[in-house]
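Colleague: Sharing a structure here in structure tokens format.
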Amino acid sequence: MRRAFLELDGSPEREAELERWRSATVADLGPARSTYRLEAVHPAIAALVVGVGLLLLVPGLVLSVAAIAGALPLTGLVVGALLVLLVLAVGAGVALVARTQAWRRDITVHQHGLLVGGRVVPFATMDPGRMYWADGTDVVGRVVTASRRRLVVRGDVLLLCGTDGWTGDEDGRGGPTLYDHSPDVPWVPTPFVWWCLGPRDVAGLVRDLERALLADGYPVAGLADRLAVGRGMPPGRGEAFPRRERQAPLLHRV
């Protein structure tokens, strides 16, 4: 069945369709097709924790062994044991945080949309004409959107425009704390928001996204190739890509 992307025109029918998609749940997305995981703990932080852990673990073991062998008093055993326990406790805590937070940074391609960090982004609310493949993370700070919509490791980033449930209309009112842009950026009351998706394999995500859209009936043949050809960094220093206004027409035309 051929499907069409949502284009608002002020009619009750289109507004009702928007409300339906903004109320969509994970169950409405259908079965998952592929998942791209982002580290819950940055590799640099993980390396630092491991390094500090080793610096504490080795002396702790040396002190413990020396005390057991009689080369040091009993206090050496106590200090060594405390160091070892400290390393084990910190390591277990980091592992627990990484495990419990990992799902919040997953990007899953479903039958009818994306699940990004636990948030539903239906295909119907996207506009393939507002998808861009940037070759660096600098672009992330030049897009007006909430911090929770920036799931980036490093390197390439896929930017796409879609909905984020019933949020979005407030974008531009949060100031630089929640939004990496000047608070002077004008407010645009729109349900359409930017998503910045930067897993390690952006190319794979782009290919899987095109396949899922085609399988769901959307006319996007050649989308992955178009994005790959246009891969780069937008010039300038201001807002990289304008926000899609509420009744702005689709840029994607068949």
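We label chains A, B, ... in the order they appear in the structure tokens, count residues from 1 in each chain, and number ligands from 1 in the order shown.
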Within 9 Å of Gly113 of chain A, counting only C-alpha atoms, which residues qualify if same-chain residues fewer than 4 places away don't, as a list in words?
Modeller: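 Once the adjacent positions are removed, what remains is Asp28, Leu29, Gly30, Thr108, Val109, Val120, Val121, Pro122, Phe123, Ala124, Leu209, Ala212 and Leu213 of chain A.
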Colleague: I'd like to know which of A:Asp156, A:Glu245, A:Asp164, A:Asp106 is closest to Leu38 of chain A, using only C-alpha atoms.
Modeller: A:Asp106
Colleague: Taking only C-alpha atoms into account, which of A:Ala16, A:Ala24, A:Leu8, A:Val139 comes nearest Ala240 of chain A?
Modeller: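 The closest residue to Ala240 of chain A is A:Val139.
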Colleague: Name all residues at most 6 Å from Gly217 of chain A (count only C-alpha atoms; drop same-chain ones fewer than 5 positions away) and give them as a ChimeraX atom specification.
Modeller: /A:1-3
Colleague: Show me, as a list of chain:residue names, the residues that have an atom within 9 Å of Val220 of chain A when counting only C-alpha atoms, minus same-chain residues fewer than 6 positions from it.
Modeller: A:Pro128, A:Glu210, A:Arg211, A:Leu213, A:Leu214, A:His252, A:Val254
Colleague: Got a sec: who's within 6 Å of Ile107 of chain A, counting only C-alpha atoms, leaving out chain neighbours fewer than 4 positions off, as number ranges by chain?
Modeller: A: 35-36, 115-116
Colleague: Between atom CA of Leu251 of chain A and atom CA of Gly198 of chain A, what is the spacing in Å?
Modeller: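 Atom CA of Leu251 of chain A lies at a distance of 22.9 Å from atom CA of Gly198 of chain A.
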Colleague: Using only C-alpha atoms, which residue out of A:Ala221, A:Asp135, A:Arg37, A:Glu19 lies closest to Arg200 of chain A?
Modeller: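 Closest residue, counting only C-alpha atoms: A:Arg37.
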Colleague: Work out how far atom CA of Val202 of chain A is from atom CA of Leu158 of chain A, in Å to one decimal.
Modeller: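 Calculated distance between atom CA of Leu158 of chain A and atom CA of Val202 of chain A is 6.7 Å.
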Colleague: Please build the interface table for segment 102-175 of chain A against segment 222-239 of chain A with a cut-off of 6 Å, listing for each qualifying residue the nearest atom pair and the distance in Å to one decimal; count only C-alpha atoms, order rows by chain and increasing number, and write it as JSON lines.
Modeller:
```
{"residue": "A:Trp133", "atom": "CA", "partner": "A:Arg231", "partner_atom": "CA", "distance": 4.9}
{"residue": "A:Ala134", "atom": "CA", "partner": "A:Gly232", "partner_atom": "CA", "distance": 4.9}
{"residue": "A:Asp135", "atom": "CA", "partner": "A:Gly232", "partner_atom": "CA", "distance": 5.0}
{"residue": "A:Arg142", "atom": "CA", "partner": "A:Glu239", "partner_atom": "CA", "distance": 4.9}
{"residue": "A:Val143", "atom": "CA", "partner": "A:Glu239", "partner_atom": "CA", "distance": 5.8}
```
Colleague: Report as a list in words all protein, DNA and RNA residues lying within 12 Å of Asp9 of chain A, evaluated on only C-alpha atoms, omitting residues in the same chain fewer than 4 positions from it.
Modeller: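 My reading of the contact set: Glu13, Arg14, Glu15, Ala16, Glu17, Leu18, Glu245, Arg246, Gln247, Ala248, Pro249 and Leu250 of chain A.
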Colleague: Excluding Met131 of chain A and residues on its chain fewer than 5 positions from it, collect all residues at most 7 Å away from it, counting only C-alpha atoms, and give them as a compact mmCIF listing (two decimals) with N, CA, C and O atoms, in the first residue's frame.
Modeller:
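Final output, saved to selection06.txt:
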```
# COMPACT_ATOMS: atom_id res chain seq x y z
N LEU A 159 20.58 13.91 10.32
CA LEU A 159 19.58 14.85 10.83
C LEU A 159 18.28 14.61 10.09
O LEU A 159 18.26 14.56 8.85
N LEU A 160 17.21 14.45 10.84
CA LEU A 160 15.90 14.27 10.21
C LEU A 160 14.85 15.02 11.00
O LEU A 160 14.99 15.25 12.20
N CYS A 161 13.80 15.40 10.31
CA CYS A 161 12.73 16.19 10.90
C CYS A 161 11.49 15.31 11.07
O CYS A 161 11.08 14.62 10.14
```
Colleague: Could you tell me which of A:Asp201, A:Pro186, A:Ala4, A:Met126 comes closest to Arg154 of chain A if we count only C-alpha atoms?
Modeller: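 Among the listed residues, the smallest separation from Arg154 of chain A belongs to A:Asp201.
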